[in-house]
Amino acid sequence: LRDIADQVFREAVLPSAVLPTGFGSLDILLDGGLRGGEVMVLAARPRVGKSAWALQMILHVADSVPVGLWSLEMGEQAWVRRAVASISGVPHHQLRTGIGGEVLSEAEFLRVEHVIREVGRLPLHFAIAASDPDSFRKEATAMVAELGVGLLVIDYLQLMSPPLGAYSRENEVAATSRAIKLTARDLDVPVLLLAQLNRTAEDKQPTLSNLRESGAIEQDADEVLFLHRERDPETKILSNAGWAILEKNRDGEAGSFPFTFEGQFLRFACR
């Protein structure tokens, strides 16, 4: 116990490094940012923008440390295209439909060209292993040891292949969540784990009970961040204004702050 107490004192005098998320209001709630060994669950209903939020965090973190990404929903080109739109301010749909001809001004075209080169230099490594927990652990271990990866991102939990012998969907998700938490702790690297909320969170502010398919996600997470945007009751269109809600913060205070989603650039602006 004396050794552990001495370590706590040393960290109080000279705190361990944290990774700022790039969202100032969130970093304040997290006492600076993400810490090694912790799992932050980022959860929302489909189309609210959890992948876009994760991408902004990735782009910010990758300025200081390499990032490893398990993309189980989108291809690598989709992530890069989104990054270019977010940084350049050129609408995402124009990058999808083509930027030749008279769609962009010469200045906009040159800006895209410049951003493409800058994005290509970022230390973002896409995982190639299968999406089961054992493969995640093996590839994450190699990324940390060989590439110096300082943040692991999974998009998203419910798409991971379950371990053998779980026998029920709830047990599958619980076993996967626990394996991710143990990997984060053993490697002393933070994990950003995206997750989907169940349908009961569609038209109301989400709570921890809305984490889809298993209460173990709430138990294993050190932080749980919800993204919430209201839906027009008549048109069913999502509002661009919303709230980021830090519902669970194991070592700090919970809290929330407003954001605006800039849909054409797939990025968030926070007040």
# chains A, B, ... in the order shown; residues from 1 in each chain; ligands from 1
>>> closest_atom_pairs(of="range 8-105 of chain A", to="range 250-269 of chain A", cutoff="7 Å", atoms="only C-alpha atoms", output="Markdown table")
| residue | atom | partner | partner_atom | distance |
| --- | --- | --- | --- | --- |
| A:Ser25 | CA | A:Phe257 | CA | 6.8 |
| A:Leu29 | CA | A:Glu253 | CA | 6.5 |
| A:Leu30 | CA | A:Gly252 | CA | 6.8 |
| A:Ala52 | CA | A:Leu266 | CA | 5.8 |
| A:Trp53 | CA | A:Phe268 | CA | 6.8 |
| A:Arg82 | CA | A:Leu266 | CA | 6.7 |
| A:Ala85 | CA | A:Phe265 | CA | 5.2 |
| A:Ser86 | CA | A:Phe265 | CA | 5.0 |
| A:Gly89 | CA | A:Phe265 | CA | 6.1 |
| A:Val90 | CA | A:Phe265 | CA | 6.8 |
| A:Pro91 | CA | A:Gln264 | CA | 5.0 |
| A:His92 | CA | A:Phe265 | CA | 5.6 |
>>> write_last_selection(atoms="N, CA and C atoms", output="PDB file, in the first residue's frame")
ATOM      1  N   SER A  25     -15.402  22.403 -23.661  1.00  0.00           N
ATOM      2  CA  SER A  25     -16.356  22.183 -22.573  1.00  0.00           C
ATOM      3  C   SER A  25     -16.261  20.755 -22.045  1.00  0.00           C
ATOM      4  N   LEU A  29     -14.934  19.212 -18.123  1.00  0.00           N
ATOM      5  CA  LEU A  29     -15.614  18.190 -17.326  1.00  0.00           C
ATOM      6  C   LEU A  29     -14.710  17.002 -17.037  1.00  0.00           C
ATOM      7  N   LEU A  30     -13.782  16.714 -17.953  1.00  0.00           N
ATOM      8  CA  LEU A  30     -12.888  15.558 -17.807  1.00  0.00           C
ATOM      9  C   LEU A  30     -11.594  15.908 -17.087  1.00  0.00           C
ATOM     10  N   ALA A  52     -19.133  11.503 -36.646  1.00  0.00           N
ATOM     11  CA  ALA A  52     -18.569  12.833 -36.920  1.00  0.00           C
ATOM     12  C   ALA A  52     -17.914  13.406 -35.679  1.00  0.00           C
ATOM     13  N   TRP A  53     -18.541  13.214 -34.510  1.00  0.00           N
ATOM     14  CA  TRP A  53     -17.944  13.680 -33.245  1.00  0.00           C
ATOM     15  C   TRP A  53     -16.628  12.949 -32.989  1.00  0.00           C
ATOM     16  N   ARG A  82     -14.713  12.538 -45.067  1.00  0.00           N
ATOM     17  CA  ARG A  82     -15.322  13.334 -44.006  1.00  0.00           C
ATOM     18  C   ARG A  82     -14.296  14.270 -43.359  1.00  0.00           C
ATOM     19  N   ALA A  85     -13.741  17.265 -45.661  1.00  0.00           N
ATOM     20  CA  ALA A  85     -14.864  18.205 -45.603  1.00  0.00           C
ATOM     21  C   ALA A  85     -14.834  19.017 -44.320  1.00  0.00           C
ATOM     22  N   SER A  86     -14.576  18.352 -43.206  1.00  0.00           N
ATOM     23  CA  SER A  86     -14.575  19.023 -41.904  1.00  0.00           C
ATOM     24  C   SER A  86     -13.488  20.081 -41.816  1.00  0.00           C
ATOM     25  N   GLY A  89     -13.840  22.912 -45.091  1.00  0.00           N
ATOM     26  CA  GLY A  89     -15.044  23.721 -45.214  1.00  0.00           C
ATOM     27  C   GLY A  89     -15.714  23.581 -46.564  1.00  0.00           C
ATOM     28  N   VAL A  90     -15.316  22.577 -47.332  1.00  0.00           N
ATOM     29  CA  VAL A  90     -15.985  22.261 -48.595  1.00  0.00           C
ATOM     30  C   VAL A  90     -17.055  21.216 -48.300  1.00  0.00           C
ATOM     31  N   PRO A  91     -18.304  21.449 -48.693  1.00  0.00           N
ATOM     32  CA  PRO A  91     -19.384  20.521 -48.346  1.00  0.00           C
ATOM     33  C   PRO A  91     -19.075  19.071 -48.725  1.00  0.00           C
ATOM     34  N   HIS A  92     -19.465  18.176 -47.830  1.00  0.00           N
ATOM     35  CA  HIS A  92     -19.179  16.758 -48.012  1.00  0.00           C
ATOM     36  C   HIS A  92     -19.789  16.211 -49.302  1.00  0.00           C
TER      37      HIS A  92
END
>>> select_by_dssp(residues="range 113-180 of chain A", states="helix (DSSP H, G or I)", output="PyMOL selection string")
chain A and resi 113-120+133-147+157-159+169-180
>>> residues_around(residues="Leu122 in chain A", least_positions_apart="5", cutoff="10 Å", atoms="only C-alpha atoms", output="PyMOL selection string")
chain A and resi 58-59+61-67+117
>>> closest_residue(among="A:Ile116, A:Leu238, A:Glu38, A:Val80", to="Ile180 in chain A", atoms="only C-alpha atoms")
A:Glu38
>>> residues_around(residues="Val191 in chain A", least_positions_apart="6", cutoff="9 Å", atoms="only C-alpha atoms", output="JSON list (two decimals) with all heavy atoms, in the first residue's frame")
[["chain", "number", "residue", "atom", "x", "y", "z"],
["A", 34, "LEU", "N", -8.78, 12.81, -21.96],
["A", 34, "LEU", "CA", -8.81, 11.36, -21.83],
["A", 34, "LEU", "C", -7.54, 10.86, -21.13],
["A", 34, "LEU", "O", -6.46, 11.39, -21.34],
["A", 34, "LEU", "CB", -8.92, 10.71, -23.21],
["A", 34, "LEU", "CG", -10.09, 11.17, -24.08],
["A", 34, "LEU", "CD1", -9.95, 10.57, -25.48],
["A", 34, "LEU", "CD2", -11.42, 10.79, -23.46],
["A", 36, "GLY", "N", -5.13, 7.31, -19.84],
["A", 36, "GLY", "CA", -4.80, 5.94, -20.13],
["A", 36, "GLY", "C", -5.56, 4.96, -19.27],
["A", 36, "GLY", "O", -5.77, 5.18, -18.08],
["A", 37, "GLY", "N", -5.99, 3.85, -19.88],
["A", 37, "GLY", "CA", -6.70, 2.82, -19.16],
["A", 37, "GLY", "C", -8.19, 3.03, -19.05],
["A", 37, "GLY", "O", -8.91, 2.15, -18.56],
["A", 38, "GLU", "N", -8.69, 4.19, -19.50],
["A", 38, "GLU", "CA", -10.10, 4.49, -19.37],
["A", 38, "GLU", "C", -10.85, 4.24, -20.69],
["A", 38, "GLU", "O", -10.27, 4.35, -21.77],
["A", 38, "GLU", "CB", -10.31, 5.94, -18.93],
["A", 38, "GLU", "CG", -9.77, 6.23, -17.54],
["A", 38, "GLU", "CD", -10.11, 7.61, -17.04],
["A", 38, "GLU", "OE1", -10.59, 8.44, -17.84],
["A", 38, "GLU", "OE2", -9.89, 7.86, -15.84],
["A", 39, "VAL", "N", -12.13, 3.93, -20.56],
["A", 39, "VAL", "CA", -13.01, 3.74, -21.71],
["A", 39, "VAL", "C", -14.08, 4.81, -21.67],
["A", 39, "VAL", "O", -14.83, 4.91, -20.69],
["A", 39, "VAL", "CB", -13.66, 2.35, -21.72],
["A", 39, "VAL", "CG1", -14.67, 2.24, -22.87],
["A", 39, "VAL", "CG2", -12.61, 1.26, -21.85],
["A", 40, "MET", "N", -14.14, 5.62, -22.73],
["A", 40, "MET", "CA", -15.24, 6.57, -22.89],
["A", 40, "MET", "C", -16.21, 6.02, -23.91],
["A", 40, "MET", "O", -15.83, 5.75, -25.06],
["A", 40, "MET", "CB", -14.76, 7.95, -23.34],
["A", 40, "MET", "CG", -15.93, 8.87, -23.75],
["A", 40, "MET", "SD", -15.44, 10.52, -24.27],
["A", 40, "MET", "CE", -15.30, 11.31, -22.67],
["A", 41, "VAL", "N", -17.46, 5.84, -23.51],
["A", 41, "VAL", "CA", -18.51, 5.42, -24.43],
["A", 41, "VAL", "C", -19.18, 6.66, -25.00],
["A", 41, "VAL", "O", -19.62, 7.53, -24.25],
["A", 41, "VAL", "CB", -19.54, 4.53, -23.72],
["A", 41, "VAL", "CG1", -20.75, 4.28, -24.62],
["A", 41, "VAL", "CG2", -18.91, 3.20, -23.32],
["A", 151, "LEU", "N", -4.38, 6.42, -28.64],
["A", 151, "LEU", "CA", -5.83, 6.40, -28.53],
["A", 151, "LEU", "C", -6.38, 5.33, -29.44],
["A", 151, "LEU", "O", -5.99, 5.25, -30.62],
["A", 151, "LEU", "CB", -6.44, 7.76, -28.90],
["A", 151, "LEU", "CG", -7.97, 7.83, -28.99],
["A", 151, "LEU", "CD1", -8.60, 7.60, -27.61],
["A", 151, "LEU", "CD2", -8.44, 9.17, -29.58],
["A", 152, "LEU", "N", -7.29, 4.50, -28.92],
["A", 152, "LEU", "CA", -7.94, 3.46, -29.70],
["A", 152, "LEU", "C", -9.41, 3.82, -29.84],
["A", 152, "LEU", "O", -10.07, 4.19, -28.86],
["A", 152, "LEU", "CB", -7.81, 2.10, -28.99],
["A", 152, "LEU", "CG", -6.38, 1.66, -28.66],
["A", 152, "LEU", "CD1", -6.41, 0.44, -27.74],
["A", 152, "LEU", "CD2", -5.59, 1.35, -29.93],
["A", 153, "VAL", "N", -9.94, 3.72, -31.07],
["A", 153, "VAL", "CA", -11.32, 4.11, -31.35],
["A", 153, "VAL", "C", -12.03, 2.95, -32.04],
["A", 153, "VAL", "O", -11.50, 2.37, -32.99],
["A", 153, "VAL", "CB", -11.38, 5.36, -32.26],
["A", 153, "VAL", "CG1", -12.83, 5.78, -32.50],
["A", 153, "VAL", "CG2", -10.58, 6.52, -31.65],
["A", 154, "ILE", "N", -13.24, 2.62, -31.55],
["A", 154, "ILE", "CA", -14.03, 1.54, -32.14],
["A", 154, "ILE", "C", -15.38, 2.10, -32.57],
["A", 154, "ILE", "O", -16.12, 2.66, -31.75],
["A", 154, "ILE", "CB", -14.25, 0.39, -31.13],
["A", 154, "ILE", "CG1", -12.93, -0.19, -30.67],
["A", 154, "ILE", "CG2", -15.13, -0.70, -31.76],
["A", 154, "ILE", "CD1", -13.07, -1.21, -29.54],
["A", 180, "ILE", "N", -12.90, -5.11, -23.92],
["A", 180, "ILE", "CA", -12.36, -3.81, -24.33],
["A", 180, "ILE", "C", -11.82, -3.06, -23.12],
["A", 180, "ILE", "O", -10.74, -2.45, -23.18],
["A", 180, "ILE", "CB", -13.44, -3.00, -25.06],
["A", 180, "ILE", "CG1", -13.78, -3.66, -26.39],
["A", 180, "ILE", "CG2", -13.00, -1.55, -25.28],
["A", 180, "ILE", "CD1", -15.02, -3.10, -27.06],
["A", 181, "LYS", "N", -12.56, -3.08, -22.01],
["A", 181, "LYS", "CA", -12.10, -2.40, -20.81],
["A", 181, "LYS", "C", -10.78, -2.99, -20.31],
["A", 181, "LYS", "O", -9.86, -2.25, -19.94],
["A", 181, "LYS", "CB", -13.18, -2.52, -19.72],
["A", 181, "LYS", "CG", -12.74, -2.00, -18.35],
["A", 181, "LYS", "CD", -12.33, -0.53, -18.40],
["A", 181, "LYS", "CE", -11.88, -0.05, -17.03],
["A", 181, "LYS", "NZ", -11.36, 1.35, -17.08],
["A", 183, "THR", "N", -8.51, -4.52, -22.06],
["A", 183, "THR", "CA", -7.45, -4.14, -22.99],
["A", 183, "THR", "C", -6.97, -2.71, -22.74],
["A", 183, "THR", "O", -5.77, -2.44, -22.71],
["A", 183, "THR", "CB", -7.94, -4.28, -24.45],
["A", 183, "THR", "OG1", -8.29, -5.63, -24.70],
["A", 183, "THR", "CG2", -6.87, -3.83, -25.44],
["A", 184, "ALA", "N", -7.91, -1.79, -22.52],
["A", 184, "ALA", "CA", -7.55, -0.40, -22.23],
["A", 184, "ALA", "C", -6.70, -0.32, -20.98],
["A", 184, "ALA", "O", -5.68, 0.38, -20.93],
["A", 184, "ALA", "CB", -8.81, 0.45, -22.06]]
>>> atom_distance(atom1="CA of Tyr156 in chain A", atom2="CA of Ser71 in chain A")
7.4 Å
>>> residues_around(residues="range 136-139 of chain A", least_positions_apart="5", cutoff="9 Å", atoms="only C-alpha atoms", output="VMD selection string")
chain A and resid 70 127 to 131 144 179 to 180 183 to 184
>>> write_last_selection(atoms="N, CA, C and O atoms", output="mmCIF file, in the first residue's frame")
data_model
loop_
_atom_site.group_PDB
_atom_site.id
_atom_site.type_symbol
_atom_site.label_atom_id
_atom_site.label_comp_id
_atom_site.auth_asym_id
_atom_site.auth_seq_id
_atom_site.Cartn_x
_atom_site.Cartn_y
_atom_site.Cartn_z
ATOM 1 N N TRP A 70 -10.791 1.199 -35.387
ATOM 2 C CA TRP A 70 -11.513 0.018 -35.860
ATOM 3 C C TRP A 70 -12.820 0.511 -36.448
ATOM 4 O O TRP A 70 -13.753 0.860 -35.712
ATOM 5 N N ALA A 127 -7.379 -0.323 -38.485
ATOM 6 C CA ALA A 127 -7.177 -1.717 -38.125
ATOM 7 C C ALA A 127 -7.534 -2.625 -39.291
ATOM 8 O O ALA A 127 -8.396 -2.302 -40.106
ATOM 9 N N ILE A 128 -6.876 -3.769 -39.357
ATOM 10 C CA ILE A 128 -7.134 -4.719 -40.439
ATOM 11 C C ILE A 128 -7.604 -6.063 -39.906
ATOM 12 O O ILE A 128 -8.026 -6.923 -40.663
ATOM 13 N N ALA A 129 -7.537 -6.252 -38.579
ATOM 14 C CA ALA A 129 -7.905 -7.542 -38.006
ATOM 15 C C ALA A 129 -9.422 -7.702 -37.965
ATOM 16 O O ALA A 129 -10.171 -6.750 -38.136
ATOM 17 N N ALA A 130 -9.860 -8.936 -37.712
ATOM 18 C CA ALA A 130 -11.283 -9.190 -37.523
ATOM 19 C C ALA A 130 -11.789 -8.408 -36.307
ATOM 20 O O ALA A 130 -11.005 -7.961 -35.473
ATOM 21 N N SER A 131 -13.098 -8.301 -36.199
ATOM 22 C CA SER A 131 -13.667 -7.395 -35.212
ATOM 23 C C SER A 131 -14.054 -8.074 -33.902
ATOM 24 O O SER A 131 -14.848 -7.536 -33.134
ATOM 25 N N VAL A 144 0.140 -0.216 -30.185
ATOM 26 C CA VAL A 144 0.727 0.553 -29.084
ATOM 27 C C VAL A 144 2.232 0.323 -29.020
ATOM 28 O O VAL A 144 3.017 1.268 -28.871
ATOM 29 N N ALA A 179 -14.040 -7.118 -22.339
ATOM 30 C CA ALA A 179 -12.752 -7.361 -22.987
ATOM 31 C C ALA A 179 -12.104 -6.054 -23.422
ATOM 32 O O ALA A 179 -10.875 -5.884 -23.312
ATOM 33 N N ILE A 180 -12.898 -5.112 -23.917
ATOM 34 C CA ILE A 180 -12.358 -3.814 -24.331
ATOM 35 C C ILE A 180 -11.816 -3.058 -23.124
ATOM 36 O O ILE A 180 -10.736 -2.453 -23.179
ATOM 37 N N THR A 183 -8.506 -4.515 -22.058
ATOM 38 C CA THR A 183 -7.446 -4.136 -22.994
ATOM 39 C C THR A 183 -6.973 -2.714 -22.737
ATOM 40 O O THR A 183 -5.765 -2.435 -22.710
ATOM 41 N N ALA A 184 -7.912 -1.789 -22.523
ATOM 42 C CA ALA A 184 -7.547 -0.401 -22.227
ATOM 43 C C ALA A 184 -6.702 -0.323 -20.978
ATOM 44 O O ALA A 184 -5.680 0.379 -20.934
#
>>> atom_distance(atom1="CA of Leu208 in chain A", atom2="CA of Glu247 in chain A")
7.3 Å
>>> residues_around(residues="Arg178 in chain A", least_positions_apart="3", cutoff="10 Å", atoms="only C-alpha atoms", output="compact mmCIF listing (two decimals) with N, CA, C and O atoms, in the first residue's frame")
# COMPACT_ATOMS: atom_id res chain seq x y z
N PRO A 133 -13.20 -9.52 -29.97
CA PRO A 133 -12.38 -8.96 -28.89
C PRO A 133 -10.94 -9.45 -28.87
O PRO A 133 -10.02 -8.67 -28.59
N VAL A 173 -22.68 -8.80 -25.77
CA VAL A 173 -22.27 -7.40 -25.64
C VAL A 173 -21.51 -7.19 -24.34
O VAL A 173 -20.52 -6.46 -24.29
N ALA A 174 -21.96 -7.83 -23.27
CA ALA A 174 -21.30 -7.69 -21.97
C ALA A 174 -19.87 -8.22 -22.03
O ALA A 174 -18.93 -7.58 -21.52
N ALA A 175 -19.68 -9.38 -22.66
CA ALA A 175 -18.34 -9.95 -22.76
C ALA A 175 -17.43 -9.10 -23.62
O ALA A 175 -16.24 -8.92 -23.32
N LYS A 181 -12.56 -3.08 -22.01
CA LYS A 181 -12.10 -2.40 -20.81
C LYS A 181 -10.78 -2.99 -20.31
O LYS A 181 -9.86 -2.25 -19.94
N LEU A 182 -10.66 -4.31 -20.30
CA LEU A 182 -9.42 -4.94 -19.84
C LEU A 182 -8.25 -4.60 -20.76
O LEU A 182 -7.13 -4.39 -20.29
N THR A 183 -8.51 -4.52 -22.06
CA THR A 183 -7.45 -4.14 -22.99
C THR A 183 -6.97 -2.71 -22.74
O THR A 183 -5.77 -2.44 -22.71
N ALA A 184 -7.91 -1.79 -22.52
CA ALA A 184 -7.55 -0.40 -22.23
C ALA A 184 -6.70 -0.32 -20.98
O ALA A 184 -5.68 0.38 -20.93
N ALA A 216 -24.00 -3.85 -19.03
CA ALA A 216 -22.56 -3.96 -18.78
C ALA A 216 -21.79 -2.82 -19.42
O ALA A 216 -20.70 -2.47 -18.95
N ILE A 217 -22.33 -2.22 -20.48
CA ILE A 217 -21.64 -1.08 -21.11
C ILE A 217 -21.51 0.04 -20.10
O ILE A 217 -20.43 0.62 -19.93
N GLN A 219 -21.57 -0.23 -16.87
CA GLN A 219 -20.71 -0.67 -15.78
C GLN A 219 -19.23 -0.55 -16.13
O GLN A 219 -18.42 -0.11 -15.32
N ASP A 220 -18.87 -0.94 -17.35
CA ASP A 220 -17.46 -0.97 -17.74
C ASP A 220 -16.92 0.41 -18.10
O ASP A 220 -15.72 0.65 -17.99
N ALA A 221 -17.77 1.30 -18.55
CA ALA A 221 -17.32 2.62 -19.02
C ALA A 221 -16.87 3.49 -17.85
O ALA A 221 -17.47 3.49 -16.78
>>> select_by_dssp(residues="range 138-263 of chain A", states="strand (DSSP E or B)", output="tab-separated table (two decimals) with N, CA and C atoms, in the first residue's frame")
chain	number	residue	atom	x	y	z
A	151	LEU	N	-4.38	6.42	-28.64
A	151	LEU	CA	-5.83	6.40	-28.53
A	151	LEU	C	-6.38	5.33	-29.44
A	152	LEU	N	-7.29	4.50	-28.92
A	152	LEU	CA	-7.94	3.46	-29.70
A	152	LEU	C	-9.41	3.82	-29.84
A	153	VAL	N	-9.94	3.72	-31.07
A	153	VAL	CA	-11.32	4.11	-31.35
A	153	VAL	C	-12.03	2.95	-32.04
A	154	ILE	N	-13.24	2.62	-31.55
A	154	ILE	CA	-14.03	1.54	-32.14
A	154	ILE	C	-15.38	2.10	-32.57
A	155	ASP	N	-15.73	1.93	-33.83
A	155	ASP	CA	-17.00	2.40	-34.37
A	155	ASP	C	-17.73	1.21	-35.04
A	191	VAL	N	-9.62	4.35	-24.62
A	191	VAL	CA	-10.42	3.81	-25.71
A	191	VAL	C	-11.68	4.67	-25.84
A	192	LEU	N	-11.95	5.11	-27.06
A	192	LEU	CA	-13.20	5.78	-27.38
A	192	LEU	C	-14.08	4.74	-28.06
A	193	LEU	N	-15.15	4.35	-27.37
A	193	LEU	CA	-16.00	3.25	-27.83
A	193	LEU	C	-17.37	3.80	-28.21
A	194	LEU	N	-17.67	3.79	-29.51
A	194	LEU	CA	-18.97	4.26	-29.96
A	194	LEU	C	-20.01	3.18	-29.74
A	195	ALA	N	-21.23	3.60	-29.41
A	195	ALA	CA	-22.31	2.65	-29.15
A	195	ALA	C	-23.62	3.25	-29.61
A	196	GLN	N	-24.57	2.37	-29.88
A	196	GLN	CA	-25.88	2.82	-30.33
A	196	GLN	C	-26.88	2.74	-29.19
A	197	LEU	N	-27.78	3.71	-29.16
A	197	LEU	CA	-28.85	3.73	-28.16
A	197	LEU	C	-30.09	3.02	-28.70
A	211	LEU	N	-28.66	2.58	-23.21
A	211	LEU	CA	-27.56	1.91	-23.88
A	211	LEU	C	-28.03	0.54	-24.35
A	223	GLU	N	-16.45	6.82	-18.63
A	223	GLU	CA	-17.28	7.98	-18.97
A	223	GLU	C	-18.30	7.55	-20.02
A	224	VAL	N	-19.48	8.12	-19.94
A	224	VAL	CA	-20.51	7.90	-20.96
A	224	VAL	C	-20.97	9.27	-21.44
A	225	LEU	N	-20.78	9.53	-22.74
A	225	LEU	CA	-21.17	10.79	-23.35
A	225	LEU	C	-22.28	10.54	-24.35
A	226	PHE	N	-23.42	11.21	-24.14
A	226	PHE	CA	-24.55	11.11	-25.07
A	226	PHE	C	-24.58	12.34	-25.97
A	227	LEU	N	-24.94	12.13	-27.24
A	227	LEU	CA	-25.26	13.22	-28.15
A	227	LEU	C	-26.76	13.19	-28.40
A	228	HIS	N	-27.40	14.35	-28.25
A	228	HIS	CA	-28.85	14.38	-28.39
A	228	HIS	C	-29.27	15.57	-29.23
A	229	ARG	N	-30.07	15.29	-30.28
A	229	ARG	CA	-30.66	16.33	-31.11
A	229	ARG	C	-32.16	16.08	-31.21
A	230	GLU	N	-32.94	17.12	-31.01
A	230	GLU	CA	-34.39	16.99	-31.09
A	230	GLU	C	-34.83	16.76	-32.54
A	231	ARG	N	-35.94	16.06	-32.68
A	231	ARG	CA	-36.51	15.78	-34.00
A	231	ARG	C	-37.83	16.51	-34.14
A	238	LEU	N	-34.06	16.07	-37.95
A	238	LEU	CA	-33.28	16.38	-36.76
A	238	LEU	C	-32.86	17.84	-36.75
A	239	SER	N	-32.96	18.47	-35.60
A	239	SER	CA	-32.48	19.83	-35.43
A	239	SER	C	-30.96	19.85	-35.50
A	240	ASN	N	-30.38	20.95	-35.97
A	240	ASN	CA	-28.93	21.09	-35.96
A	240	ASN	C	-28.40	21.44	-34.57
A	241	ALA	N	-29.26	21.95	-33.70
A	241	ALA	CA	-28.87	22.28	-32.35
A	241	ALA	C	-29.09	21.08	-31.44
A	242	GLY	N	-28.21	20.90	-30.48
A	242	GLY	CA	-28.35	19.76	-29.58
A	242	GLY	C	-27.50	19.91	-28.34
A	243	TRP	N	-27.42	18.82	-27.60
A	243	TRP	CA	-26.67	18.81	-26.34
A	243	TRP	C	-25.74	17.60	-26.29
A	244	ALA	N	-24.54	17.84	-25.78
A	244	ALA	CA	-23.62	16.76	-25.41
A	244	ALA	C	-23.78	16.58	-23.90
A	245	ILE	N	-24.08	15.36	-23.49
A	245	ILE	CA	-24.42	15.09	-22.09
A	245	ILE	C	-23.44	14.07	-21.53
A	246	LEU	N	-22.57	14.50	-20.64
A	246	LEU	CA	-21.66	13.58	-19.96
A	246	LEU	C	-22.43	12.99	-18.77
A	247	GLU	N	-23.08	11.86	-19.03
A	247	GLU	CA	-24.00	11.28	-18.05
A	247	GLU	C	-23.26	10.53	-16.95
A	248	LYS	N	-22.12	9.94	-17.29
A	248	LYS	CA	-21.31	9.25	-16.29
A	248	LYS	C	-19.88	9.74	-16.39
A	249	ASN	N	-19.28	10.04	-15.24
A	249	ASN	CA	-17.89	10.47	-15.16
A	249	ASN	C	-17.34	9.90	-13.87
A	255	GLY	N	-22.15	16.49	-16.48
A	255	GLY	CA	-22.53	17.81	-16.96
A	255	GLY	C	-22.93	17.76	-18.42
A	256	SER	N	-23.33	18.90	-18.96
A	256	SER	CA	-23.75	18.96	-20.36
A	256	SER	C	-23.41	20.33	-20.93
A	257	PHE	N	-23.40	20.40	-22.26
A	257	PHE	CA	-23.15	21.67	-22.94
A	257	PHE	C	-23.77	21.60	-24.33
A	258	PRO	N	-24.15	22.76	-24.89
A	258	PRO	CA	-24.84	22.77	-26.18
A	258	PRO	C	-23.85	22.68	-27.35
A	259	PHE	N	-24.35	22.23	-28.48
A	259	PHE	CA	-23.56	22.21	-29.70
A	259	PHE	C	-24.45	22.55	-30.88
A	260	THR	N	-23.81	22.87	-32.00
A	260	THR	CA	-24.48	23.02	-33.28
A	260	THR	C	-23.83	22.07	-34.27
A	261	PHE	N	-24.64	21.28	-34.95
A	261	PHE	CA	-24.12	20.34	-35.94
A	261	PHE	C	-24.16	20.99	-37.31
A	262	GLU	N	-22.97	21.14	-37.93
A	262	GLU	CA	-22.86	21.72	-39.26
A	262	GLU	C	-22.87	20.57	-40.26
>>> atom_distance(atom1="CA of Arg199 in chain A", atom2="CA of Thr21 in chain A")
28.0 Å
>>> decode(residues="range 246-258 of chain A", atoms="N, CA and C atoms", output="PDB file, in the first residue's frame")
ATOM      1  N   LEU A 246     -22.569  14.504 -20.638  1.00  0.00           N
ATOM      2  CA  LEU A 246     -21.663  13.576 -19.962  1.00  0.00           C
ATOM      3  C   LEU A 246     -22.431  12.994 -18.774  1.00  0.00           C
ATOM      4  N   GLU A 247     -23.078  11.860 -19.027  1.00  0.00           N
ATOM      5  CA  GLU A 247     -24.002  11.277 -18.051  1.00  0.00           C
ATOM      6  C   GLU A 247     -23.260  10.531 -16.948  1.00  0.00           C
ATOM      7  N   LYS A 248     -22.124   9.944 -17.292  1.00  0.00           N
ATOM      8  CA  LYS A 248     -21.312   9.250 -16.288  1.00  0.00           C
ATOM      9  C   LYS A 248     -19.880   9.739 -16.385  1.00  0.00           C
ATOM     10  N   ASN A 249     -19.281  10.044 -15.237  1.00  0.00           N
ATOM     11  CA  ASN A 249     -17.889  10.472 -15.164  1.00  0.00           C
ATOM     12  C   ASN A 249     -17.340   9.901 -13.867  1.00  0.00           C
ATOM     13  N   ARG A 250     -16.697   8.752 -13.969  1.00  0.00           N
ATOM     14  CA  ARG A 250     -16.333   7.983 -12.783  1.00  0.00           C
ATOM     15  C   ARG A 250     -15.519   8.789 -11.772  1.00  0.00           C
ATOM     16  N   ASP A 251     -14.613   9.627 -12.254  1.00  0.00           N
ATOM     17  CA  ASP A 251     -13.734  10.359 -11.341  1.00  0.00           C
ATOM     18  C   ASP A 251     -14.001  11.857 -11.336  1.00  0.00           C
ATOM     19  N   GLY A 252     -15.181  12.265 -11.769  1.00  0.00           N
ATOM     20  CA  GLY A 252     -15.466  13.694 -11.797  1.00  0.00           C
ATOM     21  C   GLY A 252     -16.951  13.962 -11.831  1.00  0.00           C
ATOM     22  N   GLU A 253     -17.280  15.185 -12.183  1.00  0.00           N
ATOM     23  CA  GLU A 253     -18.678  15.608 -12.219  1.00  0.00           C
ATOM     24  C   GLU A 253     -19.298  15.341 -13.589  1.00  0.00           C
ATOM     25  N   ALA A 254     -20.566  14.994 -13.591  1.00  0.00           N
ATOM     26  CA  ALA A 254     -21.317  14.924 -14.827  1.00  0.00           C
ATOM     27  C   ALA A 254     -21.696  16.342 -15.255  1.00  0.00           C
ATOM     28  N   GLY A 255     -22.149  16.491 -16.476  1.00  0.00           N
ATOM     29  CA  GLY A 255     -22.529  17.810 -16.960  1.00  0.00           C
ATOM     30  C   GLY A 255     -22.929  17.759 -18.416  1.00  0.00           C
ATOM     31  N   SER A 256     -23.332  18.897 -18.957  1.00  0.00           N
ATOM     32  CA  SER A 256     -23.749  18.959 -20.356  1.00  0.00           C
ATOM     33  C   SER A 256     -23.413  20.327 -20.932  1.00  0.00           C
ATOM     34  N   PHE A 257     -23.404  20.401 -22.259  1.00  0.00           N
ATOM     35  CA  PHE A 257     -23.153  21.668 -22.940  1.00  0.00           C
ATOM     36  C   PHE A 257     -23.770  21.600 -24.331  1.00  0.00           C
ATOM     37  N   PRO A 258     -24.152  22.760 -24.885  1.00  0.00           N
ATOM     38  CA  PRO A 258     -24.838  22.771 -26.183  1.00  0.00           C
ATOM     39  C   PRO A 258     -23.850  22.683 -27.349  1.00  0.00           C
TER      40      PRO A 258
END
